[in-house]
Each structure stands twice: as structure tokens, then as C-alpha cells.
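Novice: Handing over work_26.pdb, PDB, C-alpha atoms, pLDDT in the B column.
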ATOM      1  CA  MET A1252      -1.566   4.753  13.610  1.00 97.00           C
ATOM      2  CA  ILE A1253       0.695   5.350  10.626  1.00 98.00           C
ATOM      3  CA  VAL A1254      -0.370   7.593   7.750  1.00 98.00           C
ATOM      4  CA  PHE A1255       1.254   6.512   4.486  1.00 98.00           C
ATOM      5  CA  PRO A1256       1.034   9.151   1.738  1.00 98.00           C
ATOM      6  CA  ALA A1257       1.064   7.315  -1.577  1.00 97.00           C
ATOM      7  CA  ILE A1258       3.098   7.827  -4.711  1.00 98.00           C
ATOM      8  CA  ASP A1259       1.891   5.666  -7.583  1.00 96.00           C
ATOM      9  CA  LEU A1260       4.199   5.537 -10.588  1.00 98.00           C
ATOM     10  CA  LYS A1261       3.213   5.150 -14.234  1.00 96.00           C
ATOM     11  CA  GLY A1262       5.686   5.989 -16.963  1.00 96.00           C
ATOM     12  CA  GLY A1263       7.867   7.788 -14.424  1.00 97.00           C
ATOM     13  CA  GLN A1264       5.036  10.135 -13.426  1.00 97.00           C
ATOM     14  CA  VAL A1265       3.075  10.496 -10.198  1.00 97.00           C
ATOM     15  CA  VAL A1266      -0.473   9.315 -10.903  1.00 95.00           C
ATOM     16  CA  ARG A1267      -3.618   8.005  -9.274  1.00 89.00           C
ATOM     17  CA  LEU A1268      -5.880   5.428 -10.865  1.00 83.00           C
ATOM     18  CA  SER A1269      -9.625   5.049 -10.477  1.00 76.00           C
ATOM     19  CA  GLU A1270     -10.571   1.511  -9.351  1.00 65.00           C
ATOM     20  CA  GLY A1271      -7.170   0.229 -10.458  1.00 67.00           C
ATOM     21  CA  ASP A1272      -7.850   0.982 -14.126  1.00 74.00           C
ATOM     22  CA  MET A1273      -4.652   1.981 -15.950  1.00 84.00           C
ATOM     23  CA  ALA A1274      -6.741   3.720 -18.604  1.00 83.00           C
ATOM     24  CA  ARG A1275      -8.190   6.013 -15.911  1.00 87.00           C
ATOM     25  CA  ALA A1276      -4.982   7.588 -14.639  1.00 87.00           C
ATOM     26  CA  THR A1277      -4.790  11.176 -13.413  1.00 93.00           C
ATOM     27  CA  VAL A1278      -1.294  12.674 -13.553  1.00 95.00           C
ATOM     28  CA  TYR A1279      -0.267  14.763 -10.538  1.00 95.00           C
ATOM     29  CA  GLY A1280       3.372  15.402 -11.335  1.00 95.00           C
ATOM     30  CA  ASP A1281       6.440  14.330 -13.231  1.00 97.00           C
ATOM     31  CA  ASN A1282       8.970  14.505 -10.381  1.00 98.00           C
ATOM     32  CA  PRO A1283       8.346  11.656  -7.897  1.00 98.00           C
ATOM     33  CA  ALA A1284      11.418  12.518  -5.817  1.00 98.00           C
ATOM     34  CA  ALA A1285      10.245  16.105  -5.335  1.00 98.00           C
ATOM     35  CA  GLN A1286       6.805  14.827  -4.299  1.00 98.00           C
ATOM     36  CA  ALA A1287       8.397  12.512  -1.747  1.00 98.00           C
ATOM     37  CA  GLN A1288      10.336  15.451  -0.346  1.00 98.00           C
ATOM     38  CA  LEU A1289       7.130  17.491  -0.015  1.00 98.00           C
ATOM     39  CA  PHE A1290       5.509  14.689   1.940  1.00 98.00           C
ATOM     40  CA  ALA A1291       8.547  14.545   4.236  1.00 98.00           C
ATOM     41  CA  GLU A1292       8.365  18.302   4.818  1.00 98.00           C
ATOM     42  CA  ALA A1293       4.718  17.878   5.849  1.00 98.00           C
ATOM     43  CA  GLY A1294       5.793  15.446   8.543  1.00 98.00           C
ATOM     44  CA  ALA A1295       5.526  12.052   6.879  1.00 98.00           C
ATOM     45  CA  GLN A1296       7.888   9.431   8.247  1.00 98.00           C
ATOM     46  CA  TYR A1297       6.473   6.657   6.074  1.00 98.00           C
ATOM     47  CA  LEU A1298       5.774   6.518   2.351  1.00 98.00           C
ATOM     48  CA  HIS A1299       3.875   4.012   0.213  1.00 98.00           C
ATOM     49  CA  VAL A1300       5.170   3.668  -3.352  1.00 98.00           C
ATOM     50  CA  VAL A1301       3.673   1.527  -6.127  1.00 96.00           C
ATOM     51  CA  ASP A1302       5.234   0.716  -9.483  1.00 97.00           C
ATOM     52  CA  LEU A1303       1.960   0.414 -11.393  1.00 94.00           C
ATOM     53  CA  ASP A1304       3.619  -0.595 -14.646  1.00 94.00           C
ATOM     54  CA  GLY A1305       5.548  -3.201 -12.706  1.00 93.00           C
ATOM     55  CA  SER A1306       2.330  -4.659 -11.298  1.00 86.00           C
ATOM     56  CA  PHE A1307       1.277  -5.642 -14.798  1.00 85.00           C
ATOM     57  CA  ALA A1308       4.727  -6.523 -16.149  1.00 88.00           C
ATOM     58  CA  GLY A1309       5.779  -8.600 -13.145  1.00 87.00           C
ATOM     59  CA  ARG A1310       9.093  -6.763 -12.898  1.00 92.00           C
ATOM     60  CA  ALA A1311      10.360  -3.278 -12.032  1.00 93.00           C
ATOM     61  CA  GLU A1312       9.384  -0.711 -14.680  1.00 95.00           C
ATOM     62  CA  ASN A1313       9.905   2.521 -12.708  1.00 97.00           C
ATOM     63  CA  ALA A1314      13.146   1.627 -10.942  1.00 97.00           C
ATOM     64  CA  GLN A1315      14.807   4.962 -11.678  1.00 97.00           C
ATOM     65  CA  ALA A1316      11.892   6.883 -10.167  1.00 98.00           C
ATOM     66  CA  VAL A1317      11.855   4.643  -7.094  1.00 98.00           C
ATOM     67  CA  GLU A1318      15.576   5.111  -6.579  1.00 98.00           C
ATOM     68  CA  GLY A1319      15.098   8.869  -6.771  1.00 98.00           C
ATOM     69  CA  ILE A1320      12.399   8.657  -4.116  1.00 98.00           C
ATOM     70  CA  LEU A1321      14.659   6.601  -1.855  1.00 98.00           C
ATOM     71  CA  LYS A1322      17.348   9.275  -2.076  1.00 98.00           C
ATOM     72  CA  ALA A1323      14.913  12.142  -1.437  1.00 98.00           C
ATOM     73  CA  PHE A1324      12.800  10.677   1.372  1.00 98.00           C
ATOM     74  CA  PRO A1325      14.509  10.367   4.775  1.00 98.00           C
ATOM     75  CA  GLY A1326      11.910   8.051   6.313  1.00 98.00           C
ATOM     76  CA  HIS A1327      10.671   4.537   5.642  1.00 98.00           C
ATOM     77  CA  VAL A1328       9.602   3.559   2.122  1.00 98.00           C
ATOM     78  CA  GLN A1329       7.153   0.719   1.553  1.00 98.00           C
ATOM     79  CA  LEU A1330       7.264  -0.494  -2.074  1.00 98.00           C
ATOM     80  CA  GLY A1331       4.959  -2.667  -4.144  1.00 96.00           C
ATOM     81  CA  GLY A1332       4.405  -3.500  -7.780  1.00 93.00           C
ATOM     82  CA  GLY A1333       5.682  -6.543  -9.646  1.00 89.00           C
ATOM     83  CA  ILE A1334       8.020  -7.790  -6.913  1.00 94.00           C
ATOM     84  CA  ARG A1335       7.824 -11.538  -7.486  1.00 92.00           C
ATOM     85  CA  THR A1336      11.369 -12.928  -7.285  1.00 94.00           C
ATOM     86  CA  ARG A1337      14.031 -13.344  -4.623  1.00 96.00           C
ATOM     87  CA  ALA A1338      16.409 -11.163  -6.620  1.00 96.00           C
ATOM     88  CA  ALA A1339      13.858  -8.351  -6.743  1.00 96.00           C
ATOM     89  CA  VAL A1340      13.192  -8.540  -3.001  1.00 97.00           C
ATOM     90  CA  GLU A1341      16.884  -8.611  -2.125  1.00 97.00           C
ATOM     91  CA  GLY A1342      17.663  -5.825  -4.581  1.00 97.00           C
ATOM     92  CA  TRP A1343      15.122  -3.410  -3.158  1.00 98.00           C
ATOM     93  CA  PHE A1344      16.144  -4.055   0.435  1.00 98.00           C
ATOM     94  CA  ALA A1345      19.747  -3.462  -0.553  1.00 98.00           C
ATOM     95  CA  LEU A1346      18.765  -0.070  -1.993  1.00 97.00           C
ATOM     96  CA  GLY A1347      17.082   0.989   1.240  1.00 97.00           C
ATOM     97  CA  VAL A1348      13.424  -0.003   0.936  1.00 98.00           C
ATOM     98  CA  SER A1349      12.022  -0.710   4.418  1.00 98.00           C
ATOM     99  CA  ARG A1350       9.159  -2.966   3.393  1.00 98.00           C
ATOM    100  CA  VAL A1351       8.266  -4.875   0.251  1.00 98.00           C
ATOM    101  CA  VAL A1352       4.601  -5.385  -0.635  1.00 97.00           C
ATOM    102  CA  MET A1353       3.670  -8.647  -2.358  1.00 93.00           C
ATOM    103  CA  GLY A1354       0.217  -9.341  -3.776  1.00 84.00           C
ATOM    104  CA  THR A1355       0.122 -11.572  -6.836  1.00 81.00           C
ATOM    105  CA  ALA A1356       2.987 -13.655  -5.441  1.00 86.00           C
ATOM    106  CA  ALA A1357       1.089 -14.118  -2.172  1.00 85.00           C
ATOM    107  CA  LEU A1358      -1.763 -15.822  -4.005  1.00 81.00           C
ATOM    108  CA  LYS A1359       0.228 -17.729  -6.628  1.00 86.00           C
ATOM    109  CA  ASP A1360       3.347 -18.676  -4.659  1.00 93.00           C
ATOM    110  CA  PRO A1361       2.586 -18.333  -0.938  1.00 92.00           C
ATOM    111  CA  GLU A1362       5.547 -20.483   0.132  1.00 95.00           C
ATOM    112  CA  PHE A1363       7.926 -18.073  -1.572  1.00 96.00           C
ATOM    113  CA  VAL A1364       6.355 -15.139   0.278  1.00 96.00           C
ATOM    114  CA  LYS A1365       6.598 -17.017   3.559  1.00 96.00           C
ATOM    115  CA  ASP A1366      10.263 -17.742   2.870  1.00 96.00           C
ATOM    116  CA  MET A1367      10.876 -14.033   2.258  1.00 97.00           C
ATOM    117  CA  ALA A1368       9.033 -13.133   5.470  1.00 96.00           C
ATOM    118  CA  ARG A1369      11.285 -15.475   7.436  1.00 95.00           C
ATOM    119  CA  GLU A1370      14.416 -14.200   5.723  1.00 96.00           C
ATOM    120  CA  PHE A1371      13.500 -10.521   6.137  1.00 97.00           C
ATOM    121  CA  PRO A1372      11.673 -10.253   9.495  1.00 95.00           C
ATOM    122  CA  GLY A1373       9.291  -7.306   9.563  1.00 96.00           C
ATOM    123  CA  GLY A1374      10.018  -6.531   5.923  1.00 98.00           C
ATOM    124  CA  ILE A1375       7.246  -8.257   3.970  1.00 98.00           C
ATOM    125  CA  VAL A1376       3.714  -6.892   3.605  1.00 98.00           C
ATOM    126  CA  VAL A1377       1.036  -9.049   1.966  1.00 95.00           C
ATOM    127  CA  ALA A1378      -1.378  -7.111  -0.232  1.00 89.00           C
ATOM    128  CA  VAL A1379      -4.929  -8.369   0.049  1.00 87.00           C
ATOM    129  CA  ASP A1380      -6.695  -6.523  -2.753  1.00 79.00           C
ATOM    130  CA  ALA A1381     -10.439  -7.057  -2.775  1.00 77.00           C
ATOM    131  CA  ARG A1382     -13.120  -6.722  -5.394  1.00 71.00           C
ATOM    132  CA  ASP A1383     -16.505  -7.713  -3.979  1.00 66.00           C
ATOM    133  CA  GLY A1384     -14.799  -9.720  -1.243  1.00 64.00           C
ATOM    134  CA  PHE A1385     -12.507 -11.749  -3.508  1.00 71.00           C
ATOM    135  CA  VAL A1386      -8.772 -11.362  -4.068  1.00 73.00           C
ATOM    136  CA  ALA A1387      -7.627  -9.583  -7.244  1.00 69.00           C
ATOM    137  CA  THR A1388      -4.177 -10.086  -8.785  1.00 54.00           C
ATOM    138  CA  GLU A1389      -1.984  -9.052 -11.737  1.00 51.00           C
ATOM    139  CA  GLY A1390      -2.353  -5.346 -11.043  1.00 44.00           C
ATOM    140  CA  TRP A1391      -6.015  -5.963 -10.138  1.00 47.00           C
ATOM    141  CA  ALA A1392      -6.741  -7.094 -13.695  1.00 48.00           C
ATOM    142  CA  ASP A1393      -7.798 -10.597 -12.590  1.00 56.00           C
ATOM    143  CA  VAL A1394     -10.180 -11.586  -9.796  1.00 60.00           C
ATOM    144  CA  SER A1395      -9.643 -14.973  -8.140  1.00 60.00           C
ATOM    145  CA  ASP A1396     -12.110 -17.252  -6.369  1.00 60.00           C
ATOM    146  CA  VAL A1397     -10.233 -16.841  -3.078  1.00 75.00           C
ATOM    147  CA  GLU A1398     -11.948 -14.853  -0.338  1.00 82.00           C
ATOM    148  CA  VAL A1399      -9.971 -12.074   1.316  1.00 83.00           C
ATOM    149  CA  VAL A1400      -9.985 -13.494   4.840  1.00 87.00           C
ATOM    150  CA  ASP A1401      -8.954 -16.944   3.572  1.00 87.00           C
ATOM    151  CA  LEU A1402      -5.850 -15.521   1.866  1.00 87.00           C
ATOM    152  CA  ALA A1403      -5.019 -13.418   4.921  1.00 90.00           C
ATOM    153  CA  ARG A1404      -5.198 -16.404   7.268  1.00 92.00           C
ATOM    154  CA  ARG A1405      -2.675 -18.348   5.178  1.00 91.00           C
ATOM    155  CA  PHE A1406       0.010 -15.956   6.412  1.00 94.00           C
ATOM    156  CA  GLU A1407      -0.879 -15.738  10.093  1.00 92.00           C
ATOM    157  CA  ASP A1408       2.124 -17.774  11.234  1.00 90.00           C
ATOM    158  CA  ALA A1409       4.493 -16.601   8.512  1.00 93.00           C
ATOM    159  CA  GLY A1410       5.917 -13.535  10.238  1.00 94.00           C
ATOM    160  CA  VAL A1411       4.690 -10.973   7.709  1.00 97.00           C
ATOM    161  CA  ALA A1412       4.776  -7.389   8.941  1.00 97.00           C
ATOM    162  CA  ALA A1413       1.260  -6.429   7.896  1.00 98.00           C
ATOM    163  CA  LEU A1414      -1.655  -7.004   5.549  1.00 96.00           C
ATOM    164  CA  LEU A1415      -2.420  -4.227   3.099  1.00 95.00           C
ATOM    165  CA  PHE A1416      -6.156  -4.329   2.479  1.00 93.00           C
ATOM    166  CA  THR A1417      -7.464  -2.361  -0.498  1.00 87.00           C
ATOM    167  CA  ASP A1418     -11.099  -2.066  -1.518  1.00 80.00           C
ATOM    168  CA  ILE A1419     -10.582  -1.719  -5.279  1.00 73.00           C
ATOM    169  CA  GLY A1420     -14.121  -0.496  -5.856  1.00 63.00           C
ATOM    170  CA  ARG A1421     -13.339   2.617  -3.818  1.00 57.00           C
ATOM    171  CA  ASP A1422      -9.718   3.171  -4.768  1.00 56.00           C
ATOM    172  CA  GLY A1423      -9.079   6.604  -6.231  1.00 53.00           C
ATOM    173  CA  LEU A1424     -12.746   7.614  -6.093  1.00 56.00           C
ATOM    174  CA  LEU A1425     -12.839   9.613  -2.835  1.00 74.00           C
ATOM    175  CA  LYS A1426     -15.874   7.621  -1.694  1.00 75.00           C
ATOM    176  CA  GLY A1427     -14.528   7.121   1.802  1.00 87.00           C
ATOM    177  CA  ALA A1428     -12.587   4.179   3.175  1.00 90.00           C
ATOM    178  CA  ASN A1429     -14.398   0.885   3.711  1.00 90.00           C
ATOM    179  CA  ILE A1430     -14.104   1.089   7.483  1.00 92.00           C
ATOM    180  CA  ASP A1431     -16.371  -1.883   8.232  1.00 91.00           C
ATOM    181  CA  ALA A1432     -14.598  -4.348   5.936  1.00 89.00           C
ATOM    182  CA  THR A1433     -11.148  -3.222   7.056  1.00 93.00           C
ATOM    183  CA  VAL A1434     -11.942  -3.484  10.751  1.00 95.00           C
ATOM    184  CA  ASP A1435     -13.682  -6.827  10.219  1.00 92.00           C
ATOM    185  CA  LEU A1436     -10.545  -8.230   8.575  1.00 92.00           C
ATOM    186  CA  ALA A1437      -8.319  -6.844  11.337  1.00 96.00           C
ATOM    187  CA  ARG A1438     -10.476  -8.523  13.974  1.00 96.00           C
ATOM    188  CA  ARG A1439     -10.411 -11.889  12.185  1.00 93.00           C
ATOM    189  CA  VAL A1440      -6.649 -12.200  11.770  1.00 95.00           C
ATOM    190  CA  ASP A1441      -3.621 -11.804  14.028  1.00 95.00           C
ATOM    191  CA  ILE A1442      -1.663  -9.649  11.571  1.00 97.00           C
ATOM    192  CA  PRO A1443      -1.744  -5.828  11.646  1.00 97.00           C
ATOM    193  CA  VAL A1444      -3.846  -4.358   8.831  1.00 97.00           C
ATOM    194  CA  ILE A1445      -3.175  -1.273   6.705  1.00 98.00           C
ATOM    195  CA  ALA A1446      -6.264   0.323   5.178  1.00 96.00           C
ATOM    196  CA  SER A1447      -6.278   1.536   1.588  1.00 92.00           C
ATOM    197  CA  GLY A1448      -8.777   2.711  -0.979  1.00 87.00           C
ATOM    198  CA  GLY A1449     -11.200   5.607  -1.039  1.00 87.00           C
ATOM    199  CA  VAL A1450      -9.909   7.836   1.771  1.00 94.00           C
ATOM    200  CA  LYS A1451     -11.610  11.185   1.235  1.00 93.00           C
ATOM    201  CA  GLY A1452     -10.886  13.260   4.311  1.00 94.00           C
ATOM    202  CA  LEU A1453      -9.945  13.623   7.940  1.00 97.00           C
ATOM    203  CA  ASP A1454     -13.004  11.729   9.158  1.00 96.00           C
ATOM    204  CA  ASP A1455     -11.703   8.538   7.559  1.00 96.00           C
ATOM    205  CA  ILE A1456      -8.425   8.963   9.454  1.00 97.00           C
ATOM    206  CA  ARG A1457     -10.280   9.561  12.711  1.00 97.00           C
ATOM    207  CA  MET A1458     -12.529   6.518  12.301  1.00 96.00           C
ATOM    208  CA  LEU A1459      -9.657   4.193  11.439  1.00 97.00           C
ATOM    209  CA  ALA A1460      -7.530   5.519  14.318  1.00 97.00           C
ATOM    210  CA  LEU A1461     -10.343   4.660  16.715  1.00 96.00           C
ATOM    211  CA  HIS A1462      -9.828   1.019  15.734  1.00 96.00           C
ATOM    212  CA  ALA A1463      -6.062   0.904  16.235  1.00 96.00           C
ATOM    213  CA  GLU A1464      -6.554  -1.532  19.097  1.00 96.00           C
ATOM    214  CA  ASP A1465      -8.460  -3.833  16.743  1.00 97.00           C
ATOM    215  CA  GLY A1466      -5.305  -4.192  14.681  1.00 97.00           C
ATOM    216  CA  ILE A1467      -5.402  -1.237  12.269  1.00 98.00           C
ATOM    217  CA  GLU A1468      -1.738  -0.312  11.886  1.00 98.00           C
ATOM    218  CA  GLY A1469      -2.031   2.386   9.251  1.00 98.00           C
ATOM    219  CA  VAL A1470      -3.834   3.985   6.352  1.00 98.00           C
ATOM    220  CA  ILE A1471      -2.725   4.851   2.818  1.00 97.00           C
ATOM    221  CA  THR A1472      -3.977   7.998   1.156  1.00 96.00           C
ATOM    222  CA  GLY A1473      -3.232   9.462  -2.252  1.00 94.00           C
ATOM    223  CA  ARG A1474      -5.849  11.293  -4.292  1.00 93.00           C
ATOM    224  CA  ALA A1475      -7.290  13.074  -1.241  1.00 95.00           C
ATOM    225  CA  LEU A1476      -3.870  14.627  -0.624  1.00 97.00           C
ATOM    226  CA  PHE A1477      -3.224  15.568  -4.238  1.00 96.00           C
ATOM    227  CA  GLU A1478      -6.642  17.186  -4.629  1.00 94.00           C
ATOM    228  CA  GLY A1479      -6.519  19.117  -1.380  1.00 95.00           C
ATOM    229  CA  LYS A1480      -9.280  17.151   0.339  1.00 95.00           C
ATOM    230  CA  LEU A1481      -6.938  16.084   3.117  1.00 97.00           C
ATOM    231  CA  ASP A1482      -4.069  17.924   4.786  1.00 98.00           C
ATOM    232  CA  LEU A1483      -1.226  15.531   5.483  1.00 98.00           C
ATOM    233  CA  ALA A1484       0.008  17.247   8.638  1.00 98.00           C
ATOM    234  CA  ALA A1485      -3.529  17.269  10.052  1.00 98.00           C
ATOM    235  CA  ALA A1486      -3.973  13.593   9.126  1.00 98.00           C
ATOM    236  CA  ILE A1487      -0.767  12.625  10.900  1.00 98.00           C
ATOM    237  CA  ALA A1488      -1.790  14.591  13.974  1.00 97.00           C
ATOM    238  CA  MET A1489      -5.208  12.913  13.988  1.00 97.00           C
ATOM    239  CA  ALA A1490      -3.676   9.456  13.615  1.00 97.00           C
ATOM    240  CA  ASN A1491      -1.399  10.081  16.596  1.00 93.00           C
ATOM    241  CA  ARG A1492      -4.113  11.479  18.853  1.00 86.00           C
ATOM    242  CA  ASP A1493      -4.608   9.393  22.005  1.00 65.00           C
TER     243      ASP A1493
END
The structure given in the file should be rewritten as C-alpha cells.
Specialist:
Amino acid sequence: MIVFPAIDLKGGQVVRLSEGDMARATVYGDNPAAQAQLFAEAGAQYLHVVDLDGSFAGRAENAQAVEGILKAFPGHVQLGGGIRTRAAVEGWFALGVSRVVMGTAALKDPEFVKDMAREFPGGIVVAVDARDGFVATEGWADVSDVEVVDLARRFEDAGVAALLFTDIGRDGLLKGANIDATVDLARRVDIPVIASGGVKGLDDIRMLALHAEDGIEGVITGRALFEGKLDLAAAIAMANRD
């Protein structure tokens, strides 16, 4: 199972939000590239980056910071946040991003996302962000009437690399990952699932890794790392334990 340390960007700084609320941002640093390098030194081969400002604006707002991360991090970078056009997708792949995460576009323009998945095999991740079981969009500011599993199933034959499932109600709160909901989704679809939201310690990593055969491909963790609740090297070792 892959452990994705997370770097969320707001105004060029490394932050974490609580429940996706931009007004509840905790700043953890002002040098995203240096943070990416620290994660690499701890053994990370994958990195999850989100342009939070871009999620609301619908376009890249922290491009300079992302480019700095790409230069500093030798592994694979997975990027999300306001990527809603062909030009944006092509531009980020050209700069070296390994995977592009699409959420709002997946709900509002699924055919476009499917086209991108066909054009960039293994490069598109669909974000399925849930609040009380329903899909949230526009940087989690809006909640739709579409159920999580229904959105996920729309992409089963599209060739997307993975589903990124986030329980917004736990995100950034260190409440523990929603293991049951994540595993349930993984069992109900044929696409690998990445868990996100609420990871608080090594036990979350262990529990998710136990369900790798159910389709859990990875887990994203941010605040737990920044606040010393989780050691990245230990998390990676746990995720790779047979």
C-alpha cells in the first residue's frame, strides 16, 4: 500500500484545513519545496499535492509552488485542485506530474474526465469527496445530491487510475480514518481506492493495509505528520509489511 504524505497549498504556504474550511487553515511552513524534500528523505516515493486556492478558483493559483515541489521531489507527484481543462491537464503532465486528481470536473463533466483517462492511461485519479455520503464539489463548498458510490461507478470502465475517497467530516481533525466507508467503497467498485481524511496514527495505516486485497491502493496523510502524531518512515514500513 502506498503512503502519500500531503502538501496542501494556500497562498504559497504549506497548510492543513479542518473539514475543508479555508477559514480554518493551520500553516505548517512557507517553503513547499523544502517540505517535499523532507518527505523524500524520510522515504516517500509518492507525494499528494493540492492547490487549495485553485480548487475554489477553478484554475492554478499556486503554480510556482507546485513547480518548486516537482523540482525538489524525486518521486511521483499526484496533483489536484482546480484542474478542469484539457490545457491544464496537459500542462501539468508536461511539467512532470505523475497523476492528476479531478473532482468537480468528474461530477460536472464526466465525459471530459473519461476522455482524459483514455488519453493519459494511468494518469487520472477521480476524487470522490464525501460529506454524509454525498459528493461535495467546488473545493468542498457545495454538496451535491449524488451518492459517493454512484459517482464512483460512473468511471468503472473509463480507465482511471484510482478513486481518491475523502471523508470531509474527518479531514484535518485527527479523528481517525473512516475505515469502514473506505473499505465498503473499495469492495463495491473495480477501481483502486486511496483513503484520505482523518488519519491520526500508525493504527490507521495498519488497518487500511490489512484491506489492500479489497482494493485499498493507498492512504493520504497530512496533519498527523506535521504534528508528530505519525512518523512517515514507520508508516511506509507498516504499509509495506506483508
Novice: Grab the atom CA of Pro1443 of chain A to atom CA of Ala1413 of chain A distance for me, in Å with one decimal place.
Specialist: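 Separating atom CA of Pro1443 of chain A from atom CA of Ala1413 of chain A is a distance of 4.8 Å.
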Novice: What's around Ile1467 of chain A at 9 Å? Count all atoms listed in the file, leave out sequence neighbours fewer than 2 positions away in its own chain, and write the answer as a list in words.
Specialist: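 Counting only the stated atoms, we get Met1252, Thr1433, Val1434, Ala1437, Pro1443, Val1444, Ile1445, Ala1446, Leu1459, Ala1460, Leu1461, His1462, Ala1463, Glu1464, Asp1465, Gly1469 and Val1470 of chain A.
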Novice: Selected by the PyMOL selection byres ((chain A and resi 1361) around 12) in the shown coordinates: which residues, as a list in words?
Specialist: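 Applied to this file, the PyMOL selection byres ((chain A and resi 1361) around 12) selects Arg1335, Met1353, Gly1354, Thr1355, Ala1356, Ala1357, Leu1358, Lys1359, Asp1360, Glu1362, Phe1363, Val1364, Lys1365, Asp1366, Met1367, Ala1368, Val1377, Ala1378, Leu1402, Ala1403, Arg1404, Arg1405, Phe1406, Glu1407, Ala1409 and Val1411 of chain A.
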Novice: What is the distance, in Å and to one decimal place, between atom CA of Leu1303 of chain A and atom CA of Val1379 of chain A?
Specialist: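 Rounded to one decimal, the two atoms are 16.0 Å apart.
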Novice: Figure out the distance between atom CA of Ala1486 of chain A and atom CA of Ser1269 of chain A, please, to one decimal in Å.
Specialist: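 Computing the Euclidean distance for atom CA of Ser1269 of chain A and atom CA of Ala1486 of chain A yields 22.1 Å.
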Novice: What would the selection look like, as a compact mmCIF listing (two decimals) with C-alpha atoms, in the coordinates of the input, if the PyMOL selection byres ((chain A and resi 1301) around 9) were run on the coordinates I just shared?
Specialist:
# COMPACT_ATOMS: atom_id res chain seq x y z
CA ALA A 1257 1.06 7.32 -1.58
CA ILE A 1258 3.10 7.83 -4.71
CA ASP A 1259 1.89 5.67 -7.58
CA LEU A 1260 4.20 5.54 -10.59
CA LYS A 1261 3.21 5.15 -14.23
CA HIS A 1299 3.88 4.01 0.21
CA VAL A 1300 5.17 3.67 -3.35
CA ASP A 1302 5.23 0.72 -9.48
CA LEU A 1303 1.96 0.41 -11.39
CA ASP A 1304 3.62 -0.60 -14.65
CA GLY A 1305 5.55 -3.20 -12.71
CA SER A 1306 2.33 -4.66 -11.30
CA VAL A 1317 11.86 4.64 -7.09
CA GLN A 1329 7.15 0.72 1.55
CA LEU A 1330 7.26 -0.49 -2.07
CA GLY A 1331 4.96 -2.67 -4.14
CA GLY A 1332 4.40 -3.50 -7.78
CA VAL A 1352 4.60 -5.38 -0.64
Novice: Calculated over all atoms listed in the file, which of the candidates A:Leu1415, A:Asn1313, A:Glu1398, A:Gln1286 has the smallest distance to Arg1350 of chain A?
Specialist: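 Closest candidate: A:Leu1415.
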Novice: Can you translate the PyMOL selection byres ((chain A and resi 1291) around 12) into the concrete residues it hits in this file, as a PyMOL selection string?
Specialist: chain A and resi 1254-1257+1284-1290+1292-1298+1320-1321+1323-1328+1483-1484+1487
Novice: Counting all atoms listed in the file, which residue out of A:Arg1310, A:Pro1372, A:Val1450, A:Asp1380 sits closest to Leu1476 of chain A?
Specialist: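 Smallest separation from Leu1476 of chain A among the options: A:Val1450.
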Novice: Env of Gly1427 of chain A: 7 Å cut, atoms = all atoms listed in the file, seq-sep filter 5 positions within chain, self excluded. Answer as a VMD selection string.
Specialist: chain A and resid 1449 to 1451 1455
Novice: Which polymer residues have any atom within 7 Å of an atom of Pro1283 of chain A, counting only C-alpha atoms, with same-chain residues fewer than 6 positions away left out, as a list of chain:residue names?
Specialist: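 The contact residues come out as A:Gln1264, A:Val1265, A:Ala1316, A:Ile1320.
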Novice: Since the input is missing atoms, can you rebuild N, CA and C atoms for segment 1267-1279 of chain A and write them as a tab-separated table (two decimals), in the coordinates of the input?
Specialist:
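See selection_11.tsv below for the written result:
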chain	number	residue	atom	x	y	z
A	1267	ARG	N	-2.65	8.78	-10.05
A	1267	ARG	CA	-3.62	8.01	-9.27
A	1267	ARG	C	-4.58	7.38	-10.27
A	1268	LEU	N	-4.91	6.12	-10.03
A	1268	LEU	CA	-5.88	5.43	-10.86
A	1268	LEU	C	-7.25	5.46	-10.21
A	1269	SER	N	-8.27	5.23	-11.00
A	1269	SER	CA	-9.62	5.05	-10.48
A	1269	SER	C	-9.96	3.57	-10.58
A	1270	GLU	N	-10.24	2.94	-9.44
A	1270	GLU	CA	-10.57	1.51	-9.35
A	1270	GLU	C	-9.51	0.62	-10.00
A	1271	GLY	N	-8.25	1.05	-9.94
A	1271	GLY	CA	-7.17	0.23	-10.46
A	1271	GLY	C	-7.10	0.14	-11.96
A	1272	ASP	N	-7.79	1.02	-12.66
A	1272	ASP	CA	-7.85	0.98	-14.13
A	1272	ASP	C	-6.74	1.86	-14.70
A	1273	MET	N	-5.78	1.23	-15.39
A	1273	MET	CA	-4.65	1.98	-15.95
A	1273	MET	C	-5.09	3.00	-16.99
A	1274	ALA	N	-6.24	2.78	-17.60
A	1274	ALA	CA	-6.74	3.72	-18.60
A	1274	ALA	C	-7.39	4.94	-17.96
A	1275	ARG	N	-7.56	4.90	-16.64
A	1275	ARG	CA	-8.19	6.01	-15.91
A	1275	ARG	C	-7.19	6.59	-14.92
A	1276	ALA	N	-6.06	7.04	-15.46
A	1276	ALA	CA	-4.98	7.59	-14.64
A	1276	ALA	C	-5.01	9.11	-14.69
A	1277	THR	N	-4.92	9.73	-13.51
A	1277	THR	CA	-4.79	11.18	-13.41
A	1277	THR	C	-3.35	11.48	-13.03
A	1278	VAL	N	-2.69	12.33	-13.81
A	1278	VAL	CA	-1.29	12.67	-13.55
A	1278	VAL	C	-1.22	13.86	-12.59
A	1279	TYR	N	-0.41	13.70	-11.53
A	1279	TYR	CA	-0.27	14.76	-10.54
A	1279	TYR	C	1.14	15.35	-10.49
